[in-house]
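Trainee: Structure supplied as entry18.cif; contents: mmCIF, C-alpha atoms and all ligand atoms.
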data_run
#
loop_
_atom_site.label_atom_id
_atom_site.label_comp_id
_atom_site.auth_asym_id
_atom_site.auth_seq_id
_atom_site.Cartn_x
_atom_site.Cartn_y
_atom_site.Cartn_z
CA MET B 160 -0.79 -8.13 -16.48
CA GLU B 161 2.49 -8.81 -14.78
CA ILE B 162 3.00 -8.78 -11.00
CA GLN B 163 6.59 -7.97 -10.10
CA HIS B 164 8.08 -9.11 -6.81
CA HIS B 165 10.48 -7.34 -4.47
CA VAL B 166 10.61 -4.10 -6.48
CA SER B 167 12.50 -0.90 -5.63
CA LEU B 168 10.16 2.13 -5.52
CA LYS B 169 13.02 4.67 -5.70
CA HIS B 170 11.73 6.06 -8.99
CA TYR B 171 8.09 5.84 -7.94
CA ASN B 172 8.18 8.41 -5.10
CA THR B 173 9.36 12.03 -5.38
CA PHE B 174 11.20 11.84 -2.04
CA GLY B 175 13.41 9.38 -3.94
CA LEU B 176 13.41 6.92 -1.04
CA ASP B 177 14.93 3.61 -2.00
CA ILE B 178 12.41 1.28 -0.43
CA THR B 179 11.11 -2.06 -1.61
CA ALA B 180 7.54 -3.16 -2.26
CA SER B 181 6.71 -6.84 -1.91
CA GLU B 182 4.67 -6.68 -5.12
CA LEU B 183 3.97 -4.17 -7.87
CA ALA B 184 1.41 -4.25 -10.67
CA THR B 185 0.71 -1.58 -13.25
CA ILE B 186 -2.94 -1.01 -14.11
CA GLU B 187 -3.72 0.35 -17.55
CA HIS B 188 -7.46 -0.22 -17.62
CA GLU B 189 -10.38 -0.79 -15.25
CA ASN B 190 -10.39 -4.44 -16.40
CA ASP B 191 -6.89 -4.92 -14.97
CA ILE B 192 -8.24 -4.15 -11.50
CA SER B 193 -11.13 -6.58 -12.00
CA ILE B 194 -8.71 -9.33 -13.01
CA LEU B 195 -6.43 -8.61 -10.05
CA SER B 196 -9.33 -8.55 -7.62
CA GLU B 197 -10.11 -12.16 -8.51
CA VAL B 198 -6.73 -13.35 -7.20
CA PRO B 199 -7.63 -15.34 -4.00
CA ASP B 200 -5.73 -13.31 -1.38
CA PHE B 201 -6.44 -9.90 -3.02
CA SER B 202 -8.92 -8.67 -0.41
CA THR B 203 -6.76 -9.64 2.57
CA GLN B 204 -3.45 -8.17 1.50
CA SER B 205 -2.25 -4.59 2.05
CA LEU B 206 -2.85 -2.49 -1.03
CA LEU B 207 -1.54 0.91 -2.03
CA VAL B 208 -2.58 2.83 -5.13
CA LEU B 209 0.24 4.96 -6.43
CA GLY B 210 0.08 7.75 -8.97
CA GLY B 211 3.22 9.88 -9.28
CA GLY B 212 4.24 9.24 -5.66
CA SER B 213 4.49 13.00 -5.04
CA ASN B 214 2.44 13.04 -1.86
CA VAL B 215 3.61 9.92 -0.06
CA LEU B 216 6.34 9.25 2.46
CA PHE B 217 7.32 5.62 2.85
CA SER B 218 8.53 5.14 6.42
CA GLY B 219 10.03 1.77 5.41
CA ASP B 220 9.63 -1.09 2.96
CA TYR B 221 6.06 -1.75 1.82
CA ALA B 222 4.83 -5.24 2.69
CA GLY B 223 1.96 -5.47 0.25
CA LEU B 224 0.82 -4.88 -3.32
CA VAL B 225 1.42 -1.52 -4.95
CA LEU B 226 -0.90 -0.70 -7.84
CA LYS B 227 0.74 1.82 -10.13
CA ASN B 228 -2.04 3.69 -11.86
CA ASN B 229 -1.41 4.10 -15.56
CA ILE B 230 -4.99 4.43 -16.82
CA LEU B 231 -4.72 6.95 -19.66
CA GLY B 232 -7.17 8.84 -21.84
CA LYS B 233 -8.32 12.41 -22.48
CA GLU B 234 -11.69 12.80 -24.18
CA VAL B 235 -14.31 15.48 -24.60
CA LEU B 236 -17.56 14.09 -23.21
CA LYS B 237 -19.82 16.95 -24.27
CA GLN B 238 -19.78 20.69 -24.79
CA ASN B 239 -21.98 23.71 -25.23
CA GLU B 240 -21.36 27.39 -25.94
CA GLU B 241 -19.83 28.00 -22.55
CA PHE B 242 -18.35 24.79 -21.22
CA VAL B 243 -16.58 21.61 -22.17
CA TRP B 244 -16.73 18.44 -20.08
CA VAL B 245 -13.58 16.33 -20.27
CA ARG B 246 -13.12 12.76 -19.05
CA LEU B 247 -9.58 11.97 -17.98
CA GLY B 248 -7.83 8.70 -17.19
CA ALA B 249 -6.61 8.70 -13.58
CA GLY B 250 -3.06 7.87 -14.65
CA GLU B 251 -2.70 10.97 -16.86
CA ASN B 252 -0.02 13.43 -15.72
CA TRP B 253 -1.77 16.41 -14.12
CA HIS B 254 0.45 19.15 -15.53
CA GLN B 255 0.19 17.73 -19.06
CA VAL B 256 -3.60 17.92 -18.73
CA VAL B 257 -3.30 21.57 -17.64
CA LEU B 258 -1.17 22.33 -20.73
CA TRP B 259 -3.64 20.47 -22.97
CA SER B 260 -6.50 22.49 -21.52
CA ILE B 261 -4.62 25.77 -22.07
CA GLU B 262 -3.77 24.82 -25.69
CA ASN B 263 -7.48 24.32 -26.32
CA GLY B 264 -8.39 27.63 -24.67
CA TRP B 265 -10.31 25.95 -21.85
CA GLY B 266 -9.94 27.75 -18.54
CA GLY B 267 -10.27 26.71 -14.92
CA ILE B 268 -7.10 24.81 -14.04
CA GLU B 269 -4.33 27.18 -15.21
CA ASN B 270 -3.63 28.25 -11.60
CA LEU B 271 -2.94 24.58 -10.84
CA SER B 272 -0.01 24.44 -13.29
CA LEU B 273 3.07 22.39 -12.44
CA ILE B 274 1.55 20.44 -9.56
CA PRO B 275 3.28 17.06 -9.82
CA GLY B 276 1.37 13.80 -9.92
CA THR B 277 -1.61 12.23 -11.61
CA VAL B 278 -5.21 13.14 -12.36
CA GLY B 279 -6.49 10.35 -10.08
CA ALA B 280 -4.79 11.75 -7.01
CA ALA B 281 -6.03 15.31 -7.66
CA PRO B 282 -9.51 14.80 -6.10
CA MET B 283 -8.03 12.59 -3.39
CA GLN B 284 -6.78 15.67 -1.53
CA ASN B 285 -8.57 18.33 -3.62
CA ILE B 286 -5.32 19.83 -4.90
CA GLY B 287 -5.06 23.58 -4.63
CA ALA B 288 -2.73 26.42 -5.45
CA TYR B 289 -2.73 30.15 -6.10
CA GLY B 290 -6.38 30.75 -5.25
CA VAL B 291 -7.95 27.72 -7.00
CA GLU B 292 -8.91 24.24 -5.83
CA LEU B 293 -9.77 21.24 -7.98
CA SER B 294 -13.31 21.27 -6.56
CA SER B 295 -14.10 24.45 -8.53
CA VAL B 296 -13.96 22.58 -11.87
CA PHE B 297 -14.86 19.11 -10.65
CA GLU B 298 -17.97 17.45 -12.10
CA TYR B 299 -17.73 13.79 -11.01
CA LEU B 300 -15.35 10.85 -10.81
CA GLU B 301 -15.49 7.13 -11.43
CA ALA B 302 -13.93 4.76 -8.91
CA PHE B 303 -13.53 1.01 -8.52
CA GLU B 304 -14.87 -0.24 -5.20
CA LEU B 305 -12.50 -2.85 -3.83
CA LYS B 306 -15.18 -4.58 -1.74
CA THR B 307 -17.75 -5.05 -4.52
CA GLY B 308 -15.63 -4.89 -7.69
CA LYS B 309 -18.06 -2.33 -9.11
CA ILE B 310 -17.45 1.12 -10.58
CA ALA B 311 -19.24 3.87 -8.66
CA GLN B 312 -19.68 7.54 -9.46
CA PHE B 313 -19.06 10.37 -7.00
CA ASN B 314 -20.22 13.94 -7.56
CA THR B 315 -18.95 17.01 -5.71
CA THR B 316 -21.27 16.51 -2.75
CA ASP B 317 -20.31 12.83 -2.43
CA CYS B 318 -16.61 13.77 -2.42
CA ASP B 319 -17.11 16.14 0.54
CA PHE B 320 -14.21 18.32 -0.58
CA GLY B 321 -12.41 20.53 1.91
CA TYR B 322 -8.99 22.09 2.25
CA ARG B 323 -6.60 19.30 1.14
CA TYR B 324 -9.40 16.87 1.94
CA SER B 325 -11.95 14.55 0.34
CA VAL B 326 -13.97 11.57 1.51
CA PHE B 327 -11.20 9.37 0.02
CA LYS B 328 -8.79 10.73 2.64
CA GLY B 329 -11.45 10.25 5.34
CA PRO B 330 -14.15 7.58 5.81
CA LEU B 331 -13.58 5.95 2.39
CA LYS B 332 -9.80 5.76 2.72
CA GLN B 333 -8.33 2.71 0.94
CA GLN B 334 -11.76 1.58 -0.25
CA PHE B 335 -11.82 2.92 -3.81
CA ILE B 336 -9.43 3.25 -6.73
CA ILE B 337 -10.20 6.41 -8.67
CA THR B 338 -10.16 5.47 -12.36
CA ARG B 339 -11.53 8.50 -14.26
CA VAL B 340 -12.11 12.16 -13.41
CA ILE B 341 -14.57 14.41 -15.22
CA LEU B 342 -13.93 18.17 -15.19
CA LYS B 343 -16.04 21.07 -16.44
CA LEU B 344 -13.81 23.67 -18.09
CA SER B 345 -14.79 27.08 -19.36
CA LYS B 346 -14.61 28.22 -22.98
CA HIS B 347 -14.81 31.86 -21.83
CA PRO B 348 -12.48 31.79 -18.84
CA THR B 349 -12.51 34.32 -16.08
CA PHE B 350 -9.07 35.02 -14.64
CA ASN B 351 -8.17 34.37 -11.02
CA THR B 352 -5.32 36.63 -9.97
CA SER B 353 -6.45 36.94 -6.36
CA TYR B 354 -3.23 35.44 -4.98
CA GLY B 355 -0.90 38.41 -4.41
CA ALA B 356 2.20 36.76 -5.87
CA VAL B 357 0.35 35.95 -9.12
CA ALA B 358 -0.76 39.55 -9.70
CA GLN B 359 2.71 40.81 -8.87
CA THR B 360 4.46 38.34 -11.20
CA LEU B 361 2.07 39.17 -14.06
CA GLU B 362 2.94 42.82 -13.58
CA GLU B 363 6.66 42.05 -13.62
CA MET B 364 6.11 40.05 -16.82
CA GLY B 365 4.57 43.16 -18.39
CA VAL B 366 1.41 41.32 -19.47
CA GLU B 367 -1.11 43.65 -21.11
CA GLN B 368 -3.84 41.42 -22.54
CA LEU B 369 -4.19 38.67 -19.94
CA THR B 370 -4.65 35.04 -21.09
CA ILE B 371 -4.86 31.71 -19.24
CA LYS B 372 -1.41 30.93 -20.66
CA ASP B 373 -0.02 34.04 -18.94
CA ILE B 374 -1.49 32.92 -15.61
CA SER B 375 0.03 29.49 -16.09
CA SER B 376 3.43 31.05 -16.92
CA ALA B 377 3.27 33.28 -13.83
CA VAL B 378 2.36 30.35 -11.58
CA ILE B 379 5.18 28.25 -13.06
CA LYS B 380 7.63 31.11 -12.45
CA ILE B 381 6.61 31.48 -8.81
CA ARG B 382 6.70 27.75 -8.17
CA GLN B 383 10.13 27.34 -9.75
CA SER B 384 11.50 30.19 -7.61
CA LYS B 385 10.67 28.60 -4.28
CA LEU B 386 9.76 24.94 -4.57
CA PRO B 387 12.54 22.40 -5.10
CA ASP B 388 12.30 20.29 -8.26
CA PRO B 389 11.88 16.66 -7.11
CA ALA B 390 14.07 15.56 -10.03
CA VAL B 391 16.92 17.42 -8.31
CA ILE B 392 16.10 17.29 -4.57
CA GLY B 393 13.70 14.70 -3.19
CA ASN B 394 10.55 16.22 -1.64
CA ALA B 395 6.77 15.96 -1.57
CA GLY B 396 5.78 19.63 -1.62
CA SER B 397 4.20 21.04 1.55
CA PHE B 398 4.78 18.48 4.26
CA PHE B 399 2.09 19.89 6.58
CA LYS B 400 -1.26 21.57 6.01
CA ASN B 401 -1.56 25.22 6.97
CA PRO B 402 -3.27 25.14 10.39
CA ILE B 403 -6.75 26.60 10.72
CA VAL B 404 -7.28 28.29 14.07
CA ALA B 405 -10.16 30.11 15.77
CA ASN B 406 -9.90 33.90 15.36
CA GLU B 407 -9.69 34.20 19.14
CA THR B 408 -6.55 32.03 19.17
CA LEU B 409 -5.06 34.11 16.37
CA ASN B 410 -5.79 37.36 18.23
CA ASN B 411 -4.10 36.00 21.35
CA LEU B 412 -1.02 35.05 19.30
CA LYS B 413 -1.00 38.51 17.70
CA THR B 414 -0.43 40.15 21.09
CA GLU B 415 2.92 38.39 21.29
CA TYR B 416 3.75 37.98 17.57
CA THR B 417 2.56 41.17 15.95
CA ASN B 418 3.82 40.19 12.47
CA ILE B 419 2.15 36.76 12.32
CA PRO B 420 0.73 36.30 8.78
CA SER B 421 -2.83 34.97 8.45
CA TYR B 422 -5.71 34.65 5.98
CA ALA B 423 -9.43 34.50 6.72
CA PHE B 424 -10.71 30.92 6.29
CA ASP B 425 -14.31 31.83 7.12
CA ASN B 426 -15.96 34.25 9.52
CA SER B 427 -14.69 32.49 12.64
CA TYR B 428 -11.44 30.82 11.57
CA SER B 429 -8.14 31.85 10.01
CA LYS B 430 -5.31 30.04 8.29
CA ILE B 431 -1.77 30.59 9.50
CA PRO B 432 1.04 29.67 7.07
CA ALA B 433 2.81 26.65 8.55
CA GLY B 434 5.97 27.79 6.73
CA TRP B 435 6.08 30.89 8.94
CA LEU B 436 5.58 28.90 12.16
CA ILE B 437 8.33 26.47 11.18
CA GLU B 438 10.68 29.28 10.17
CA GLN B 439 10.10 31.01 13.55
CA CYS B 440 11.23 27.78 15.21
CA GLN B 441 14.54 28.08 13.31
CA TRP B 442 14.08 25.04 11.10
CA LYS B 443 14.36 26.80 7.72
CA GLY B 444 17.51 25.61 5.95
CA TYR B 445 18.19 22.98 8.65
CA ARG B 446 20.23 20.02 7.42
CA LYS B 447 21.39 16.87 9.12
CA GLY B 448 23.09 14.33 6.85
CA SER B 449 20.73 13.49 4.01
CA ILE B 450 17.61 15.19 5.34
CA GLY B 451 16.61 18.79 5.80
CA VAL B 452 14.15 21.66 5.59
CA HIS B 453 14.26 23.58 2.32
CA ALA B 454 16.10 26.91 2.54
CA LYS B 455 13.51 28.77 0.43
CA GLN B 456 10.31 27.17 1.80
CA ALA B 457 10.23 25.93 5.39
CA LEU B 458 7.13 23.81 4.71
CA VAL B 459 9.08 21.47 2.45
CA LEU B 460 11.14 18.63 3.94
CA VAL B 461 13.85 17.30 1.65
CA ASN B 462 15.98 14.26 0.94
CA TYR B 463 19.39 15.36 -0.31
CA GLY B 464 20.07 11.76 -1.32
CA GLY B 465 20.21 8.47 0.51
CA ALA B 466 17.79 9.37 3.33
CA LYS B 467 15.62 6.80 5.09
CA GLY B 468 11.89 7.44 5.35
CA ARG B 469 12.05 6.92 9.12
CA GLU B 470 14.52 9.85 9.43
CA LEU B 471 12.07 12.16 7.65
CA VAL B 472 9.21 10.97 9.86
CA ASP B 473 11.35 11.70 12.94
CA LEU B 474 12.26 15.16 11.62
CA SER B 475 8.59 15.92 10.98
CA LYS B 476 7.79 14.93 14.58
CA GLN B 477 10.53 17.21 15.95
CA ILE B 478 9.13 20.10 13.89
CA GLN B 479 5.59 19.39 15.11
CA ALA B 480 6.82 19.31 18.72
CA SER B 481 8.63 22.65 18.48
CA VAL B 482 5.68 24.42 16.81
CA GLN B 483 3.33 22.93 19.41
CA SER B 484 5.54 24.01 22.27
CA ARG B 485 6.14 27.56 21.03
CA PHE B 486 2.72 28.42 19.54
CA GLY B 487 0.37 25.78 20.96
CA ILE B 488 -0.60 24.84 17.40
CA GLU B 489 -0.77 21.30 16.05
CA LEU B 490 0.66 20.77 12.57
CA ILE B 491 -1.10 18.03 10.63
CA PRO B 492 0.82 16.30 7.81
CA GLU B 493 -0.50 16.79 4.30
CA VAL B 494 1.77 14.04 3.02
CA ASN B 495 0.40 10.50 3.27
CA ILE B 496 2.77 8.59 5.55
CA VAL B 497 2.77 4.90 4.64
P1 LIG U 501 0.52 9.87 -4.99
O1 LIG U 501 1.59 10.50 -4.18
O2 LIG U 501 0.89 8.72 -5.83
O3 LIG U 501 -0.67 9.44 -4.01
C1 LIG U 501 -1.15 10.33 -3.02
C2 LIG U 501 -2.27 9.63 -2.23
O4 LIG U 501 -3.39 9.42 -3.08
C3 LIG U 501 -1.87 8.25 -1.71
O5 LIG U 501 -2.53 8.05 -0.50
C4 LIG U 501 -2.41 7.31 -2.79
O6 LIG U 501 -2.70 6.02 -2.28
C5 LIG U 501 -3.69 8.03 -3.19
N1 LIG U 501 -4.03 7.82 -4.60
C6 LIG U 501 -3.27 8.14 -5.68
N2 LIG U 501 -3.92 7.83 -6.81
C7 LIG U 501 -5.11 7.30 -6.44
C8 LIG U 501 -6.22 6.77 -7.16
N3 LIG U 501 -6.24 6.73 -8.50
N4 LIG U 501 -7.27 6.30 -6.45
C9 LIG U 501 -7.27 6.32 -5.10
N5 LIG U 501 -6.26 6.81 -4.36
C10 LIG U 501 -5.19 7.30 -5.03
N6 LIG U 501 -0.37 19.58 -3.88
C11 LIG U 501 -1.27 20.58 -3.92
O7 LIG U 501 -2.45 20.39 -3.61
N7 LIG U 501 -0.89 21.84 -4.29
C12 LIG U 501 0.36 22.15 -4.65
O8 LIG U 501 0.66 23.30 -4.97
C13 LIG U 501 1.33 21.10 -4.63
N8 LIG U 501 2.62 21.36 -4.94
C14 LIG U 501 3.54 20.36 -4.90
C15 LIG U 501 4.86 20.65 -5.26
C16 LIG U 501 5.83 19.66 -5.26
C17 LIG U 501 7.24 20.00 -5.64
C18 LIG U 501 5.46 18.34 -4.88
C19 LIG U 501 6.50 17.26 -4.90
C20 LIG U 501 4.16 18.04 -4.50
C21 LIG U 501 3.18 19.05 -4.52
N9 LIG U 501 1.85 18.80 -4.15
C22 LIG U 501 0.92 19.82 -4.22
C23 LIG U 501 1.44 17.47 -3.67
C24 LIG U 501 1.11 16.48 -4.82
O9 LIG U 501 1.65 16.91 -6.03
C25 LIG U 501 -0.39 16.29 -4.99
O10 LIG U 501 -0.97 15.83 -3.80
C26 LIG U 501 -0.72 15.32 -6.13
O11 LIG U 501 -2.10 15.32 -6.38
C27 LIG U 501 -0.28 13.89 -5.82
O12 LIG U 501 -0.41 13.13 -6.98
P2 LIG U 501 0.31 11.72 -7.13
O13 LIG U 501 -0.24 11.08 -8.36
O14 LIG U 501 1.76 11.87 -7.11
O15 LIG U 501 -0.23 10.98 -5.85
N1 LIG U 502 6.20 31.63 4.82
C1 LIG U 502 7.27 31.93 5.66
N2 LIG U 502 8.40 31.17 5.55
C2 LIG U 502 8.52 30.16 4.67
C3 LIG U 502 7.43 29.84 3.82
C4 LIG U 502 6.27 30.61 3.93
O1 LIG U 502 7.19 32.84 6.46
O2 LIG U 502 9.59 29.53 4.65
C5 LIG U 502 4.96 32.44 4.92
C6 LIG U 502 5.04 33.78 4.21
O3 LIG U 502 4.31 34.69 4.98
C7 LIG U 502 4.31 33.53 2.90
C8 LIG U 502 3.24 32.54 3.36
O4 LIG U 502 3.90 31.74 4.33
O5 LIG U 502 3.74 34.70 2.38
C9 LIG U 502 2.66 31.68 2.27
O6 LIG U 502 3.70 31.00 1.59
P1 LIG U 502 3.46 30.40 0.13
O7 LIG U 502 2.83 31.41 -0.77
O8 LIG U 502 4.74 29.78 -0.32
O9 LIG U 502 2.37 29.30 0.35
P2 LIG U 502 2.19 28.16 1.45
O10 LIG U 502 1.07 28.54 2.34
O11 LIG U 502 3.49 27.83 2.10
C10 LIG U 502 0.40 26.86 0.09
C11 LIG U 502 0.16 25.43 -0.28
C12 LIG U 502 0.98 25.06 -1.50
C13 LIG U 502 0.56 25.96 -2.66
C14 LIG U 502 0.81 27.43 -2.26
C15 LIG U 502 0.27 28.39 -3.29
C16 LIG U 502 -0.51 24.24 1.70
C17 LIG U 502 -0.11 23.29 2.76
N3 LIG U 502 0.44 24.55 0.82
O12 LIG U 502 1.75 26.95 0.52
O13 LIG U 502 0.69 23.72 -1.84
O14 LIG U 502 1.29 25.67 -3.83
O15 LIG U 502 0.12 27.72 -1.02
O16 LIG U 502 -1.13 28.37 -3.26
O17 LIG U 502 -1.66 24.68 1.66
C18 LIG U 502 1.32 21.46 -1.45
O18 LIG U 502 0.17 21.28 -1.05
O19 LIG U 502 2.17 20.53 -1.52
C19 LIG U 502 1.71 22.79 -1.88
C20 LIG U 502 2.94 23.08 -2.31
#
Now, as a test, write the supplied structure out as structure tokens.
Ligand code: FAD
Ligand code: EPU
Mentor:
Amino acid sequence: MEIQHHVSLKHYNTFGLDITASELATIEHENDISILSEVPDFSTQSLLVLGGGSNVLFSGDYAGLVLKNNILGKEVLKQNEEFVWVRLGAGENWHQVVLWSIENGWGGIENLSLIPGTVGAAPMQNIGAYGVELSSVFEYLEAFELKTGKIAQFNTTDCDFGYRYSVFKGPLKQQFIITRVILKLSKHPTFNTSYGAVAQTLEEMGVEQLTIKDISSAVIKIRQSKLPDPAVIGNAGSFFKNPIVANETLNNLKTEYTNIPSYAFDNSYSKIPAGWLIEQCQWKGYRKGSIGVHAKQALVLVNYGGAKGRELVDLSKQIQASVQSRFGIELIPEVNIV
């Protein structure tokens, strides 16, 4: 396996930031990581695992080793009348896996259509969209432990999934490389059209006999209408998480902002769309030079071309400060700032 030196990562991150990594190696198999981990200074150097680079913001050049995950493979582990268990290489493209699952008539991930990136990063932040999270089909994953060089297994409980969260974003950050993900998909899918926009789009499409392919098509349509395509405008999807506030805080805000949108998170907490908060602070459509806030989705920061990561970090801080000052709410980045 080749280690490249002083490599541009422009095509390895969807913000399209032209930054340089000191070293880059592509891993195609678990053995590649074992071999690399025997290099003498492996454990002391900075290491970053990269999938599709669709949820990272490089604030500057990366002084360390980037491991580009290209572990492939899609196999059926077992099946019964109702379910099929599939084992996926962490470097597989997520959306291609969704399409493969739909072609086979296996349901469970159709609402997660068109999310950029790789299979290995999906459990990292428990990807979610249009009423479904990865955790609902997750069985277990395999991951290489950097400290011991051994492959460990993590089931749903071990992963401690939450909203855009797993243990790999928390206490086990930077300690494991996810190598394989095992999902349990349904041969007799039930349809999730709970997200208002999905039901509405299906109606507009005139769908009579609903299929998982229809749901996927509806989700793709919605996404393409408001999210910028990274191939055209650099971005990393939602920059911040939607804040979760106590119902009491929400009720206080409602006295001043009667039209504030919100969704129940549980009995005591509610989610407020960060896009609405940012739009209220007049950032939607903002542009300064190469950076900006998307005109159709205020939660998405964009690079129109030639931006520096530091400029985007600064913009995100300005947005956080204005939302904090106007609403008293802290916005927490979803994007991993490196
Ligand atoms: P990367 O950006 O390469 O990595 C993300 C993080 O995971 C980094 O910290 C990296 O070190 C770590 N990581 C990656 N692979 C591994 C591995 N194998 N083992 C250990 N750590 C790893 N996300 C959603 O949840 N829902 C959405 O609807 C959604 N929409 C998006 C729309 C657009 C236009 C874009 C650009 C992004 C969107 N995202 C969304 C965010 C992003 O697509 C997901 O977070 C995706 O899972 C990231 O995959 P990736 O392979 O690109 O990860
Ligand atoms: N809104 C505004 N202005 C905006 C954007 C949104 O007022 O500019 C308000 C509207 O009230 C709208 C609501 O926010 O109804 C929700 O907007 P949207 O349906 O676009 O969803 P979101 O909350 O902005 C979340 C996820 C997305 C995911 C969609 C669909 C987070 C941080 N983001 O966005 O995930 O695709 O729901 O489920 O939870 C990502 O994680 O990168 C991502 C794109």
Trainee: Residues near B:Gln441, anyone? I mean within 10 Å using all atoms listed in the file, not counting same-chain ones fewer than 3 positions away, as a PyMOL selection string.
Mentor: chain B and resi 435-438+444-445+457+478+481
Trainee: Could the residues that lie within 8 Å of ligand LIG 502 (chain U), counting only C-alpha atoms and all ligand atoms, be listed as a ChimeraX atom specification?
Mentor: /B:214,274,286-291,322-323,354,356,382,385-386,395-401,419-421,431-439,443,453-459,493-494
Trainee: Provide the atom C7 of ligand LIG 501 (chain U) to atom CA of B:Val461 distance in Å, to one decimal place.
Mentor: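 So the answer is 22.9 Å.
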Trainee: Looking at only C-alpha atoms and all ligand atoms, which of B:Leu168, B:Leu361, B:Ala281, B:Leu460 is the one that sits closest to ligand LIG 501 (chain U)?
Mentor: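 Of the candidates, the smallest distance to ligand LIG 501 (chain U) is held by B:Ala281.
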Trainee: Skip B:Asp220 itself and residues of its chain fewer than 2 positions away, then list as a PDB file with C-alpha atoms, in the coordinates of the input all residues within 12 Å of it, counting all atoms listed in the file.
Mentor:
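Result saved to around_13.pdb:
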ATOM      1  CA  HIS B 165      10.480  -7.340  -4.470  1.00  0.00           C
ATOM      2  CA  VAL B 166      10.610  -4.100  -6.480  1.00  0.00           C
ATOM      3  CA  SER B 167      12.500  -0.900  -5.630  1.00  0.00           C
ATOM      4  CA  LEU B 168      10.160   2.130  -5.520  1.00  0.00           C
ATOM      5  CA  LYS B 169      13.020   4.670  -5.700  1.00  0.00           C
ATOM      6  CA  LEU B 176      13.410   6.920  -1.040  1.00  0.00           C
ATOM      7  CA  ASP B 177      14.930   3.610  -2.000  1.00  0.00           C
ATOM      8  CA  ILE B 178      12.410   1.280  -0.430  1.00  0.00           C
ATOM      9  CA  THR B 179      11.110  -2.060  -1.610  1.00  0.00           C
ATOM     10  CA  ALA B 180       7.540  -3.160  -2.260  1.00  0.00           C
ATOM     11  CA  SER B 181       6.710  -6.840  -1.910  1.00  0.00           C
ATOM     12  CA  GLU B 182       4.670  -6.680  -5.120  1.00  0.00           C
ATOM     13  CA  LEU B 216       6.340   9.250   2.460  1.00  0.00           C
ATOM     14  CA  PHE B 217       7.320   5.620   2.850  1.00  0.00           C
ATOM     15  CA  SER B 218       8.530   5.140   6.420  1.00  0.00           C
ATOM     16  CA  ALA B 222       4.830  -5.240   2.690  1.00  0.00           C
ATOM     17  CA  GLY B 223       1.960  -5.470   0.250  1.00  0.00           C
ATOM     18  CA  LEU B 224       0.820  -4.880  -3.320  1.00  0.00           C
ATOM     19  CA  VAL B 225       1.420  -1.520  -4.950  1.00  0.00           C
ATOM     20  CA  LYS B 467      15.620   6.800   5.090  1.00  0.00           C
ATOM     21  CA  GLY B 468      11.890   7.440   5.350  1.00  0.00           C
ATOM     22  CA  ARG B 469      12.050   6.920   9.120  1.00  0.00           C
ATOM     23  CA  VAL B 497       2.770   4.900   4.640  1.00  0.00           C
TER      24      VAL B 497
END
Trainee: Name the residues in contact with B:Tyr428 at a cut-off of 9 Å, using all atoms listed in the file, excluding same-chain residues fewer than 6 positions from it; report them as a ChimeraX atom specification.
Mentor: /B:403-407,409,422
Trainee: Can you sort out the box for stretch 449-453 of chain B, edges along x, y and z, all listed atoms in, 6 Å on every side, with centre and edge lengths in Å to one decimal, as lines of an AutoDock Vina configuration file?
Mentor:
center_x = 17.4
center_y = 18.5
center_z = 4.1
size_x = 18.6
size_y = 22.1
size_z = 15.5
Trainee: With distances taken over all atoms listed in the file, which residue among B:Val366, B:Leu271, B:Ile450, B:Val326 lies nearest ligand LIG 501 (chain U)?
Mentor: B:Leu271
Trainee: Could you tell me how far atom CA of B:His188 sits from atom CA of B:Ile310, in Å to one decimal place?
Mentor: 12.3 Å
Trainee: Using atom CA of B:Glu301 and atom CA of B:Ala280 as the two end points, give the distance in Å to one decimal.
Mentor: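 Taking atom CA of B:Glu301 as the start and atom CA of B:Ala280 as the end point, the length is 12.5 Å.
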Trainee: So which residues touch B:Gly321 within 9 Å, counting all atoms listed in the file, skipping near sequence neighbours fewer than 5 positions away, as a PDB file with C-alpha atoms, keeping the file's coordinate frame?
Mentor:
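Everything below was put into out13.pdb:
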ATOM      1  CA  GLN B 284      -6.780  15.670  -1.530  1.00  0.00           C
ATOM      2  CA  ASN B 285      -8.570  18.330  -3.620  1.00  0.00           C
ATOM      3  CA  SER B 294     -13.310  21.270  -6.560  1.00  0.00           C
TER       4      SER B 294
END
Trainee: Would you list the contacts of stretch 258-262 of chain B as a compact mmCIF listing (two decimals) with C-alpha atoms, in the frame of the given file, taking every protein, DNA or RNA residue within 10 Å and counting all atoms listed in the file, but skipping same-chain residues closer than 6 positions in sequence?
Mentor:
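Done, and the output landed in part33.txt:
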# COMPACT_ATOMS: atom_id res chain seq x y z
CA LYS B 233 -8.32 12.41 -22.48
CA VAL B 245 -13.58 16.33 -20.27
CA ILE B 268 -7.10 24.81 -14.04
CA GLU B 269 -4.33 27.18 -15.21
CA SER B 272 -0.01 24.44 -13.29
CA LEU B 273 3.07 22.39 -12.44
CA LEU B 344 -13.81 23.67 -18.09
CA SER B 345 -14.79 27.08 -19.36
CA THR B 370 -4.65 35.04 -21.09
CA ILE B 371 -4.86 31.71 -19.24
CA LYS B 372 -1.41 30.93 -20.66
CA ASP B 373 -0.02 34.04 -18.94
CA SER B 375 0.03 29.49 -16.09
Trainee: From the set B:Gly279, B:Gly393, B:Gly211, B:Gly264, which residue has the shortest atom-to-atom contact distance to B:Leu247, counting all atoms listed in the file?
Mentor: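 The shortest atom-to-atom distance to B:Leu247 comes from B:Gly279.
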Trainee: With all atoms listed in the file as the atoms that count, which of B:Thr203, B:Ser376, B:Ser196, B:Ser384 lies nearest to ligand LIG 501 (chain U)?
Mentor: B:Ser384
